[in-house]
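Shown here: model_8.json, JSON, C-alpha atoms and all ligand atoms.
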[["chain", "number", "residue", "atom", "x", "y", "z"],
["G", 1, "MET", "CA", -19.75, -0.19, -16.63],
["G", 2, "ILE", "CA", -17.44, -3.15, -17.19],
["G", 3, "SER", "CA", -16.22, -3.57, -20.77],
["G", 4, "GLU", "CA", -16.46, -6.88, -22.60],
["G", 5, "LYS", "CA", -12.68, -6.87, -22.84],
["G", 6, "LEU", "CA", -12.31, -6.59, -19.06],
["G", 7, "ALA", "CA", -15.05, -9.16, -18.39],
["G", 8, "ASP", "CA", -13.25, -11.50, -20.76],
["G", 9, "ALA", "CA", -9.88, -10.87, -19.10],
["G", 10, "LEU", "CA", -11.40, -11.46, -15.65],
["G", 11, "ARG", "CA", -12.96, -14.77, -16.73],
["G", 12, "ASN", "CA", -10.03, -16.13, -18.75],
["G", 13, "SER", "CA", -6.86, -14.86, -17.09],
["G", 14, "LYS", "CA", -4.76, -17.34, -15.14],
["G", 15, "ARG", "CA", -2.32, -14.82, -13.65],
["G", 16, "VAL", "CA", -3.72, -11.62, -12.09],
["G", 17, "VAL", "CA", -1.98, -8.87, -10.11],
["G", 18, "ALA", "CA", -3.44, -6.04, -8.01],
["G", 19, "LEU", "CA", -1.30, -3.07, -6.93],
["G", 20, "THR", "CA", -2.96, -1.08, -4.14],
["G", 21, "GLY", "CA", -2.34, 2.36, -2.67],
["G", 22, "ALA", "CA", -3.83, 4.50, 0.07],
["G", 23, "GLY", "CA", -7.11, 4.93, -1.84],
["G", 24, "VAL", "CA", -8.08, 1.31, -1.12],
["G", 25, "SER", "CA", -8.12, 2.13, 2.61],
["G", 26, "ALA", "CA", -9.87, 5.49, 2.17],
["G", 27, "GLU", "CA", -13.37, 3.99, 2.58],
["G", 28, "SER", "CA", -12.20, 2.39, 5.84],
["G", 29, "GLY", "CA", -11.47, 5.87, 7.13],
["G", 30, "VAL", "CA", -7.69, 5.89, 6.71],
["G", 31, "PRO", "CA", -6.72, 9.34, 5.40],
["G", 32, "THR", "CA", -4.83, 9.11, 2.08],
["G", 33, "PHE", "CA", -1.51, 10.84, 1.65],
["G", 34, "ARG", "CA", -2.34, 13.45, -0.91],
["G", 35, "GLY", "CA", -6.09, 13.79, -0.61],
["G", 36, "ASP", "CA", -7.70, 16.83, 1.04],
["G", 37, "SER", "CA", -8.00, 14.94, 4.35],
["G", 38, "GLY", "CA", -4.49, 13.76, 3.50],
["G", 39, "LEU", "CA", -2.12, 12.73, 6.27],
["G", 40, "TRP", "CA", 0.46, 14.97, 4.73],
["G", 41, "LYS", "CA", -1.78, 18.05, 5.12],
["G", 42, "LYS", "CA", 0.10, 19.31, 8.14],
["G", 43, "PHE", "CA", 3.48, 17.95, 7.07],
["G", 44, "ARG", "CA", 4.96, 17.11, 3.68],
["G", 45, "PRO", "CA", 5.90, 13.39, 3.35],
["G", 46, "GLU", "CA", 9.58, 14.17, 3.11],
["G", 47, "GLU", "CA", 9.38, 16.11, 6.39],
["G", 48, "LEU", "CA", 8.35, 13.21, 8.56],
["G", 49, "ALA", "CA", 8.53, 9.88, 6.76],
["G", 50, "ASN", "CA", 12.30, 9.90, 6.46],
["G", 51, "PHE", "CA", 15.28, 8.78, 8.50],
["G", 52, "ASP", "CA", 16.85, 12.23, 8.97],
["G", 53, "ALA", "CA", 13.60, 13.59, 10.45],
["G", 54, "PHE", "CA", 13.59, 10.64, 12.85],
["G", 55, "ILE", "CA", 17.20, 11.17, 13.91],
["G", 56, "ARG", "CA", 16.65, 14.92, 14.21],
["G", 57, "ASN", "CA", 13.47, 14.56, 16.25],
["G", 58, "PRO", "CA", 12.69, 10.94, 17.15],
["G", 59, "GLN", "CA", 9.90, 11.87, 19.56],
["G", 60, "LEU", "CA", 7.97, 13.94, 16.92],
["G", 61, "VAL", "CA", 8.18, 11.18, 14.30],
["G", 62, "TRP", "CA", 7.33, 8.51, 16.88],
["G", 63, "GLU", "CA", 4.23, 10.45, 18.00],
["G", 64, "TRP", "CA", 3.10, 10.91, 14.37],
["G", 65, "TYR", "CA", 3.27, 7.16, 13.83],
["G", 66, "GLN", "CA", 1.54, 6.43, 17.15],
["G", 67, "TYR", "CA", -1.23, 8.82, 16.04],
["G", 68, "ARG", "CA", -1.55, 7.02, 12.70],
["G", 69, "ARG", "CA", -1.60, 3.63, 14.48],
["G", 70, "SER", "CA", -4.36, 4.86, 16.78],
["G", 71, "LEU", "CA", -6.46, 5.54, 13.65],
["G", 72, "ILE", "CA", -5.63, 2.21, 12.08],
["G", 73, "TYR", "CA", -6.41, 0.08, 15.13],
["G", 74, "GLU", "CA", -9.89, 1.63, 15.18],
["G", 75, "ILE", "CA", -10.90, 0.68, 11.66],
["G", 76, "GLU", "CA", -12.07, -2.30, 9.63],
["G", 77, "PRO", "CA", -11.28, -3.42, 6.09],
["G", 78, "ASN", "CA", -13.89, -2.26, 3.57],
["G", 79, "PRO", "CA", -15.65, -4.24, 0.75],
["G", 80, "GLY", "CA", -12.71, -3.47, -1.54],
["G", 81, "HIS", "CA", -10.25, -5.27, 0.77],
["G", 82, "TYR", "CA", -12.61, -8.24, 1.09],
["G", 83, "ALA", "CA", -13.19, -8.41, -2.67],
["G", 84, "LEU", "CA", -9.42, -8.62, -3.22],
["G", 85, "ALA", "CA", -9.14, -11.37, -0.58],
["G", 86, "ASN", "CA", -11.89, -13.23, -2.45],
["G", 87, "MET", "CA", -10.35, -12.63, -5.85],
["G", 88, "GLU", "CA", -7.16, -14.29, -4.66],
["G", 89, "LYS", "CA", -9.06, -17.58, -4.28],
["G", 90, "ARG", "CA", -10.46, -17.43, -7.83],
["G", 91, "TYR", "CA", -7.14, -17.50, -9.68],
["G", 92, "ASN", "CA", -4.33, -20.02, -9.52],
["G", 93, "GLU", "CA", -1.89, -17.13, -9.60],
["G", 94, "PHE", "CA", -2.97, -13.92, -7.87],
["G", 95, "HIS", "CA", -0.50, -11.44, -6.36],
["G", 96, "LEU", "CA", -1.51, -8.53, -4.16],
["G", 97, "ILE", "CA", 1.21, -5.89, -4.16],
["G", 98, "THR", "CA", 0.52, -3.14, -1.65],
["G", 99, "GLN", "CA", 2.12, 0.24, -1.01],
["G", 100, "ASN", "CA", -0.01, 0.54, 2.11],
["G", 101, "VAL", "CA", 1.46, 0.02, 5.55],
["G", 102, "ASP", "CA", -1.87, -0.31, 7.40],
["G", 103, "GLY", "CA", -2.00, -4.13, 7.29],
["G", 104, "LEU", "CA", -5.71, -4.09, 6.31],
["G", 105, "HIS", "CA", -5.23, -6.59, 3.47],
["G", 106, "HIS", "CA", -4.03, -9.17, 6.05],
["G", 107, "VAL", "CA", -7.00, -8.38, 8.30],
["G", 108, "ALA", "CA", -9.39, -8.85, 5.33],
["G", 109, "GLY", "CA", -7.97, -12.35, 4.69],
["G", 110, "SER", "CA", -5.59, -11.82, 1.76],
["G", 111, "THR", "CA", -2.60, -14.13, 2.08],
["G", 112, "ASN", "CA", -0.37, -13.68, -0.95],
["G", 113, "ILE", "CA", 0.63, -10.09, -0.11],
["G", 114, "ILE", "CA", 3.79, -8.27, -1.17],
["G", 115, "GLU", "CA", 4.32, -5.32, 1.21],
["G", 116, "LEU", "CA", 6.51, -2.84, -0.67],
["G", 117, "HIS", "CA", 6.67, -0.22, 2.08],
["G", 118, "GLY", "CA", 6.66, -2.31, 5.26],
["G", 119, "ASN", "CA", 3.95, -2.45, 7.90],
["G", 120, "ILE", "CA", 3.11, 0.25, 10.45],
["G", 121, "ARG", "CA", 1.94, -2.41, 12.94],
["G", 122, "ARG", "CA", 5.57, -3.56, 13.32],
["G", 123, "ASN", "CA", 8.55, -1.74, 14.78],
["G", 124, "LYS", "CA", 12.27, -2.40, 14.39],
["G", 125, "CYS", "CA", 15.52, -1.18, 15.89],
["G", 126, "ALA", "CA", 17.09, 1.61, 13.81],
["G", 127, "SER", "CA", 20.54, 0.19, 14.62],
["G", 128, "CYS", "CA", 20.45, -3.62, 14.82],
["G", 129, "GLU", "CA", 17.16, -4.02, 12.88],
["G", 130, "LYS", "CA", 15.72, -6.32, 15.56],
["G", 131, "ILE", "CA", 11.97, -6.64, 14.88],
["G", 132, "TYR", "CA", 9.55, -5.60, 17.64],
["G", 133, "ASP", "CA", 6.28, -7.08, 16.46],
["G", 134, "LYS", "CA", 3.73, -6.77, 19.25],
["G", 135, "GLU", "CA", 5.91, -5.69, 22.16],
["G", 136, "ILE", "CA", 5.20, -1.95, 21.97],
["G", 137, "SER", "CA", 1.62, -0.70, 22.28],
["G", 138, "PHE", "CA", 0.44, 2.12, 20.03],
["G", 139, "GLN", "CA", -0.30, 4.01, 23.23],
["G", 140, "GLN", "CA", 3.39, 4.06, 24.19],
["G", 141, "LYS", "CA", 4.00, 7.81, 24.31],
["G", 142, "ASP", "CA", 7.77, 7.88, 24.24],
["G", 143, "VAL", "CA", 10.15, 6.55, 21.66],
["G", 144, "GLN", "CA", 11.76, 3.38, 23.06],
["G", 145, "LYS", "CA", 15.31, 2.05, 22.99],
["G", 146, "CYS", "CA", 16.39, -1.40, 21.89],
["G", 147, "GLU", "CA", 18.48, -3.57, 24.20],
["G", 148, "CYS", "CA", 21.41, -2.66, 21.91],
["G", 149, "GLY", "CA", 20.84, 1.02, 22.73],
["G", 150, "GLY", "CA", 19.45, 1.85, 19.28],
["G", 151, "LEU", "CA", 16.21, 3.79, 18.80],
["G", 152, "ILE", "CA", 13.10, 1.75, 17.92],
["G", 153, "ARG", "CA", 11.31, 2.99, 14.76],
["G", 154, "PRO", "CA", 8.29, 1.93, 12.69],
["G", 155, "ASP", "CA", 9.11, -0.96, 10.34],
["G", 156, "VAL", "CA", 8.16, 1.03, 7.24],
["G", 157, "VAL", "CA", 10.20, 2.17, 4.22],
["G", 158, "TRP", "CA", 10.90, 5.90, 4.52],
["G", 159, "PHE", "CA", 11.56, 8.28, 1.61],
["G", 160, "GLY", "CA", 15.14, 7.88, 0.51],
["G", 161, "GLU", "CA", 15.27, 4.32, 1.84],
["G", 162, "VAL", "CA", 15.46, 1.34, -0.45],
["G", 163, "LEU", "CA", 12.50, -1.00, -0.62],
["G", 164, "PRO", "CA", 12.95, -4.58, 0.66],
["G", 165, "ALA", "CA", 14.85, -6.21, -2.22],
["G", 166, "ASP", "CA", 12.92, -9.46, -2.08],
["G", 167, "ALA", "CA", 9.51, -7.75, -2.09],
["G", 168, "LEU", "CA", 10.52, -5.49, -4.97],
["G", 169, "GLN", "CA", 11.91, -8.36, -7.02],
["G", 170, "ARG", "CA", 8.74, -10.45, -6.45],
["G", 171, "ALA", "CA", 6.56, -7.47, -7.34],
["G", 172, "PHE", "CA", 8.27, -6.83, -10.68],
["G", 173, "SER", "CA", 8.32, -10.50, -11.58],
["G", 174, "ALA", "CA", 4.57, -10.78, -10.82],
["G", 175, "ALA", "CA", 3.84, -7.64, -12.88],
["G", 176, "GLU", "CA", 5.94, -8.90, -15.82],
["G", 177, "ASN", "CA", 4.26, -12.29, -15.88],
["G", 178, "CYS", "CA", 0.59, -11.47, -15.49],
["G", 179, "GLU", "CA", -2.22, -11.20, -18.01],
["G", 180, "LEU", "CA", -4.38, -8.77, -16.05],
["G", 181, "PHE", "CA", -3.01, -5.97, -13.79],
["G", 182, "PHE", "CA", -5.05, -3.63, -11.60],
["G", 183, "SER", "CA", -3.66, -0.32, -10.29],
["G", 184, "ILE", "CA", -6.07, 0.49, -7.46],
["G", 185, "GLY", "CA", -6.29, 3.61, -5.30],
["G", 186, "THR", "CA", -2.85, 4.97, -6.02],
["G", 187, "SER", "CA", -1.82, 8.35, -7.40],
["G", 188, "ALA", "CA", 1.15, 6.54, -8.97],
["G", 189, "ILE", "CA", 3.56, 9.23, -7.78],
["G", 190, "VAL", "CA", 5.78, 7.26, -5.41],
["G", 191, "GLN", "CA", 8.70, 5.43, -7.00],
["G", 192, "PRO", "CA", 9.63, 2.67, -7.68],
["G", 193, "ALA", "CA", 6.10, 1.26, -7.07],
["G", 194, "ALA", "CA", 4.72, 3.52, -9.81],
["G", 195, "GLN", "CA", 6.81, 1.62, -12.38],
["G", 196, "LEU", "CA", 4.85, -1.59, -11.86],
["G", 197, "PRO", "CA", 1.83, -0.75, -14.08],
["G", 198, "PHE", "CA", 4.27, 0.09, -16.91],
["G", 199, "ALA", "CA", 6.19, -3.14, -16.37],
["G", 200, "ALA", "CA", 2.91, -5.06, -16.67],
["G", 201, "LYS", "CA", 1.84, -3.12, -19.77],
["G", 202, "GLU", "CA", 5.19, -3.63, -21.50],
["G", 203, "ALA", "CA", 4.97, -7.33, -20.77],
["G", 204, "GLY", "CA", 1.60, -7.48, -22.54],
["G", 205, "ALA", "CA", -0.85, -7.44, -19.62],
["G", 206, "TYR", "CA", -4.26, -5.75, -19.81],
["G", 207, "VAL", "CA", -3.81, -2.88, -17.30],
["G", 208, "VAL", "CA", -6.83, -1.36, -15.55],
["G", 209, "GLU", "CA", -6.88, 1.55, -13.11],
["G", 210, "ILE", "CA", -9.54, 1.87, -10.39],
["G", 211, "ASN", "CA", -9.68, 5.38, -8.97],
["G", 212, "PRO", "CA", -12.36, 8.11, -8.59],
["G", 213, "GLU", "CA", -9.86, 10.45, -10.27],
["G", 214, "LYS", "CA", -7.53, 10.26, -13.23],
["G", 215, "THR", "CA", -3.84, 9.98, -12.33],
["G", 216, "ALA", "CA", -0.49, 10.68, -13.97],
["G", 217, "ILE", "CA", -0.58, 7.24, -15.60],
["G", 218, "THR", "CA", -4.25, 6.94, -16.64],
["G", 219, "SER", "CA", -3.59, 7.80, -20.29],
["G", 220, "TYR", "CA", -0.99, 5.03, -20.59],
["G", 221, "LEU", "CA", -3.28, 2.27, -19.34],
["G", 222, "ASP", "CA", -5.93, 0.18, -21.10],
["G", 223, "GLU", "CA", -8.92, 1.15, -18.95],
["G", 224, "HIS", "CA", -9.84, 3.52, -16.17],
["G", 225, "LEU", "CA", -12.79, 2.52, -13.96],
["G", 226, "GLU", "CA", -13.86, 5.77, -12.34],
["G", 227, "GLY", "CA", -15.13, 5.32, -8.80],
["G", 228, "PRO", "CA", -14.32, 4.09, -5.31],
["G", 229, "SER", "CA", -12.61, 0.69, -5.11],
["G", 230, "GLY", "CA", -14.98, -0.38, -2.32],
["G", 231, "GLU", "CA", -17.84, -0.25, -4.86],
["G", 232, "ILE", "CA", -16.05, -1.31, -8.05],
["G", 233, "LEU", "CA", -14.10, -4.34, -6.79],
["G", 234, "PRO", "CA", -17.18, -6.26, -5.54],
["G", 235, "LYS", "CA", -18.79, -5.67, -8.97],
["G", 236, "LEU", "CA", -15.72, -7.13, -10.72],
["G", 237, "LEU", "CA", -15.88, -10.12, -8.40],
["G", 238, "LYS", "CA", -19.56, -10.68, -9.45],
["G", 239, "ILE", "CA", -18.38, -11.20, -13.04],
["G", 240, "LEU", "CA", -16.63, -14.36, -11.80],
["G", 241, "ASP", "CA", -19.82, -15.86, -10.33],
["J", 301, "LIG", "C1", 13.66, 5.12, -3.03],
["J", 301, "LIG", "C2", 5.78, 4.27, 4.15],
["J", 301, "LIG", "C3", 15.84, 5.37, -3.59],
["J", 301, "LIG", "C4", 6.02, 5.39, 5.10],
["J", 301, "LIG", "C5", 5.87, 5.29, 1.94],
["J", 301, "LIG", "C6", 12.02, 13.32, -6.20],
["J", 301, "LIG", "C7", 12.27, 13.94, -4.99],
["J", 301, "LIG", "C8", 12.44, 13.21, -3.81],
["J", 301, "LIG", "C9", 12.38, 11.83, -3.84],
["J", 301, "LIG", "C10", 12.11, 11.25, -5.05],
["J", 301, "LIG", "C11", 11.94, 11.96, -6.23],
["J", 301, "LIG", "N1", 11.69, 11.07, -7.23],
["J", 301, "LIG", "C12", 11.69, 9.83, -6.73],
["J", 301, "LIG", "C13", 11.97, 9.92, -5.42],
["J", 301, "LIG", "C14", 12.10, 8.86, -4.53],
["J", 301, "LIG", "C15", 10.87, 8.75, -3.61],
["J", 301, "LIG", "C16", 9.58, 9.18, -4.25],
["J", 301, "LIG", "O1", 9.00, 8.44, -5.03],
["J", 301, "LIG", "N2", 9.12, 10.40, -3.93],
["J", 301, "LIG", "C17", 7.89, 10.90, -4.49],
["J", 301, "LIG", "C18", 7.22, 11.83, -3.46],
["J", 301, "LIG", "C19", 8.20, 11.63, -5.79],
["J", 301, "LIG", "N3", 10.81, 7.34, -3.36],
["J", 301, "LIG", "C20", 11.51, 6.87, -2.34],
["J", 301, "LIG", "O2", 12.18, 7.54, -1.59],
["J", 301, "LIG", "C21", 11.47, 5.34, -2.19],
["J", 301, "LIG", "N4", 12.81, 4.89, -2.05],
["J", 301, "LIG", "O3", 13.38, 5.55, -4.11],
["J", 301, "LIG", "O4", 14.90, 4.84, -2.67],
["J", 301, "LIG", "C22", 17.10, 4.86, -3.19],
["J", 301, "LIG", "C23", 17.81, 4.11, -4.11],
["J", 301, "LIG", "C24", 19.03, 3.65, -3.76],
["J", 301, "LIG", "C25", 19.55, 3.95, -2.49],
["J", 301, "LIG", "C26", 18.81, 4.69, -1.56],
["J", 301, "LIG", "C27", 17.58, 5.16, -1.91],
["J", 301, "LIG", "C28", 10.71, 4.97, -0.93],
["J", 301, "LIG", "C29", 9.24, 5.25, -1.17],
["J", 301, "LIG", "C30", 8.43, 4.69, 0.01],
["J", 301, "LIG", "C31", 8.02, 5.84, 0.89],
["J", 301, "LIG", "N5", 7.17, 5.29, 1.96],
["J", 301, "LIG", "N6", 5.14, 4.79, 2.95],
["J", 301, "LIG", "C32", 4.74, 5.87, 5.71],
["J", 301, "LIG", "O5", 3.65, 5.49, 5.24],
["J", 301, "LIG", "O6", 4.83, 6.65, 6.68],
["J", 301, "LIG", "S1", 5.08, 5.91, 0.59],
["J", 301, "LIG", "C33", 3.55, 6.43, 1.13],
["J", 301, "LIG", "O7", 3.11, 7.32, 0.15],
["J", 301, "LIG", "C34", 2.52, 5.33, 1.13],
["J", 301, "LIG", "O8", 3.02, 4.11, 1.58],
["J", 301, "LIG", "C35", 2.08, 5.26, -0.29],
["J", 301, "LIG", "O9", 2.83, 4.34, -0.98],
["J", 301, "LIG", "C36", 2.45, 6.61, -0.81],
["J", 301, "LIG", "C37", 1.19, 7.36, -1.10],
["J", 301, "LIG", "O10", 0.89, 7.02, -2.38],
["J", 301, "LIG", "P1", -0.56, 6.47, -2.69],
["J", 301, "LIG", "O11", -0.71, 5.16, -2.03],
["J", 301, "LIG", "O12", -0.70, 6.56, -4.15],
["J", 301, "LIG", "O13", -1.54, 7.48, -1.95],
["J", 301, "LIG", "P2", -1.99, 8.92, -2.44],
["J", 301, "LIG", "O14", -2.66, 9.60, -1.29],
["J", 301, "LIG", "O15", -0.86, 9.58, -3.15],
["J", 301, "LIG", "O16", -3.11, 8.60, -3.55],
["J", 301, "LIG", "C38", -4.34, 8.02, -3.14],
["J", 301, "LIG", "C39", -5.08, 7.74, -4.42],
["J", 301, "LIG", "O17", -6.29, 7.07, -4.07],
["J", 301, "LIG", "C40", -5.49, 9.00, -5.18],
["J", 301, "LIG", "O18", -5.19, 8.82, -6.55],
["J", 301, "LIG", "C41", -7.00, 9.08, -4.97],
["J", 301, "LIG", "O19", -7.65, 9.62, -6.10],
["J", 301, "LIG", "C42", -7.35, 7.64, -4.80],
["J", 301, "LIG", "N7", -8.57, 7.38, -4.01],
["J", 301, "LIG", "C43", -9.13, 8.13, -3.03],
["J", 301, "LIG", "N8", -10.24, 7.49, -2.56],
["J", 301, "LIG", "C44", -10.34, 6.32, -3.24],
["J", 301, "LIG", "C45", -9.28, 6.24, -4.15],
["J", 301, "LIG", "N9", -9.10, 5.19, -4.98],
["J", 301, "LIG", "C46", -10.00, 4.20, -4.90],
["J", 301, "LIG", "N10", -11.05, 4.20, -4.05],
["J", 301, "LIG", "C47", -11.24, 5.24, -3.20],
["J", 301, "LIG", "N11", -12.28, 5.23, -2.35],
["J", 302, "ZN", "ZN", 18.94, -2.85, 18.45]]
Do you think you could lay out the structure here as structure tokens?
Ligand code: BV8
Ligand code: ZN
Amino acid sequence: MISEKLADALRNSKRVVALTGAGVSAESGVPTFRGDSGLWKKFRPEELANFDAFIRNPQLVWEWYQYRRSLIYEIEPNPGHYALANMEKRYNEFHLITQNVDGLHHVAGSTNIIELHGNIRRNKCASCEKIYDKEISFQQKDVQKCECGGLIRPDVVWFGEVLPADALQRAFSAAENCELFFSIGTSAIVQPAAQLPFAAKEAGAYVVEINPEKTAITSYLDEHLEGPSGEILPKLLKILD
């Protein structure tokens, strides 16, 4: 059920921001991080998605990412991704800030995307940072070396690594200057992304969470739409027709 306040904000806002997390890709079949089918079930995030783990055992970390890529290359965006791509066209200022590394927002047609945690479809050299975009197939079993001799790693932000400064700066400035902010499919645990809904709220935006469950930040926000984003987002888009 969409409140009058939200319907009003959807129709009259000029500047809208959506922050997405793993939940937005759940209906496409990408396991979330902390759910019961969560990726982290076998390993804790800190165990694998960090630089030390990669240096200690590059082959194990490489294989984990190749496994995740094999899942991602099999799947399609879901109605939630497409609704966000559509929403972008309806506002003169719409920013999509994603914590996800699966690249599904690009596939669904979103263009104004801020990738806070990198993109699993890209690799880079751990030493000279040279980007390897399409050169290495997800079926490549063994971790590869760069021409500089460095190890090639996924181009994602690991725990303990700083987020890309430009992306982070753009994300906070979008959150602090919007009228309507959606926090969609994220448990709001991972920092500093989890600060963004608060930044929007403090700057006076109407902040709405879309998630089948309540999260650590639900009670601080203006509204919580309980349900899957793949169902709720198309309904919000209908309000704009
Ligand atoms: C940094 C790329 C500092 C890699 C990712 C305490 C201890 C240890 C560390 C910390 C700590 N406190 C803070 C930290 C720092 C740490 C952190 O936040 N840790 C957490 C665990 C507490 N943060 C960092 O390390 C960050 N860097 O802080 O640097 C620094 C400063 C200076 C100098 C040096 C360093 C880097 C964080 C980025 C980590 N990389 N991804 C990879 O993917 O392999 S994060 C990774 O986890 C994902 O990208 C994603 O962002 C995150 C998972 O979060 P969610 O997206 O929210 O997913 P989750 O499964 O948790 O939730 C899914 C939600 O969807 C649920 O709520 C569910 O109900 C909902 N849902 C399910 N189905 C649906 C749905 N919603 C809608 N529709 C559905 N159908
Ligand atoms: Zn290199």
Closest contacts (chain G/ligand ZN 302 (chain J), max 6 Å, only C-alpha atoms and all ligand atoms) as a tab-separated table:
residue	atom	partner	partner_atom	distance
G:Cys125	CA	J:ZN302	ZN	4.6
G:Ser127	CA	J:ZN302	ZN	5.1
G:Cys128	CA	J:ZN302	ZN	4.0
G:Glu129	CA	J:ZN302	ZN	6.0
G:Lys130	CA	J:ZN302	ZN	5.5
G:Cys146	CA	J:ZN302	ZN	4.5
G:Glu147	CA	J:ZN302	ZN	5.8
G:Cys148	CA	J:ZN302	ZN	4.3
G:Gly150	CA	J:ZN302	ZN	4.8
Could you state the separation of CA of Lys235 (chain G) and atom N6 of ligand LIG 301 (chain J) in Å, given to one decimal place? 28.7 Å
Please, what distance in Å, to one decimal, runs between CA of Val16 (chain G) and CA of His81 (chain G)? 15.8 Å
Counting all atoms listed in the file, which residues of region 134-227 of chain G sit at most 9 Å from some atom of region 93-108 of chain G, and what is each one's closest atom pair with its distance in Å to one decimal, listed by chain and rising residue number, as a tab-separated table?
residue	atom	partner	partner_atom	distance
G:Val156	CA	G:Val101	CA	7.0
G:Ala167	CA	G:Ile97	CA	8.8
G:Ala171	CA	G:Ile97	CA	6.4
G:Ala174	CA	G:His95	CA	6.8
G:Ala175	CA	G:His95	CA	8.7
G:Cys178	CA	G:Glu93	CA	8.5
G:Thr186	CA	G:Gln99	CA	8.5
G:Ala193	CA	G:Gln99	CA	7.3
Using all atoms listed in the file, find each protein or nucleic acid residue lying at most 8 Å from ligand LIG 301 (chain J); present the set as a VMD selection string. chain G and resid 20 to 27 31 to 35 38 45 to 46 48 to 50 65 98 to 101 116 to 120 156 to 163 184 to 193 210 to 215 227 to 230
Might you pull out every residue within 7 Å of Pro79 (chain G), with all atoms listed in the file counted and same-chain residues fewer than 3 positions away left off, and present them as an NGL selection string? :G and (82-83 or 230 or 234)
Of G:Ile114, G:Leu19, G:Val207, G:Ile232, the one nearest to Gln169 (chain G) when counting only C-alpha atoms is G:Ile114
Restricting the calculation to only C-alpha atoms: of G:Asp142, G:Ile75, G:Ala205, G:Ala199, which residue gets closest to Ser173 (chain G)?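 Among the listed residues, G:Ala199 lies closest to Ser173 (chain G).
Between CA of Glu88 (chain G) and CA of Glu202 (chain G) the separation is 23.4 Å.
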May I ask which of the residues G:Gln140, G:Asp133, G:Phe172, G:Glu223 is the closest one to Gln59 (chain G), counting all atoms listed in the file?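 Under the stated criterion, the closest residue is G:Gln140.
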Which of G:Asp155, G:Glu179, G:Asp166, G:Asp8 sits closest to Trp62 (chain G) [using only C-alpha atoms]: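 That would be G:Asp155, the residue with the smallest distance to Trp62 (chain G).
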Counting only C-alpha atoms, figure out which residue out of G:Glu226, G:Arg122, G:Tyr73, G:Asn57 gets nearest to Lys134 (chain G). G:Arg122
Which one is closest to Gln144 (chain G): G:Glu63, G:Arg90, G:Ile239, G:Ala18? Count only C-alpha atoms.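 Ranked by minimum distance to Gln144 (chain G), first place goes to G:Glu63.
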Around the point (-20.9, -14.3, -17.0) (coordinates from the file), which residues reach within 8 Å if we count only C-alpha atoms? Answer as a list of chain:residue names.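 The residues near that point, listed by chain and number, are G:Ala7, G:Arg11, G:Ile239, G:Leu240, G:Asp241.
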Please provide as a ChimeraX atom specification all residues within 10 Å of Tyr206 (chain G), with the sequence filter that same-chain residues fewer than 3 positions apart are discarded (counting all atoms listed in the file). /G:5-6,9,13,16,178-182,197,200-203,221-223
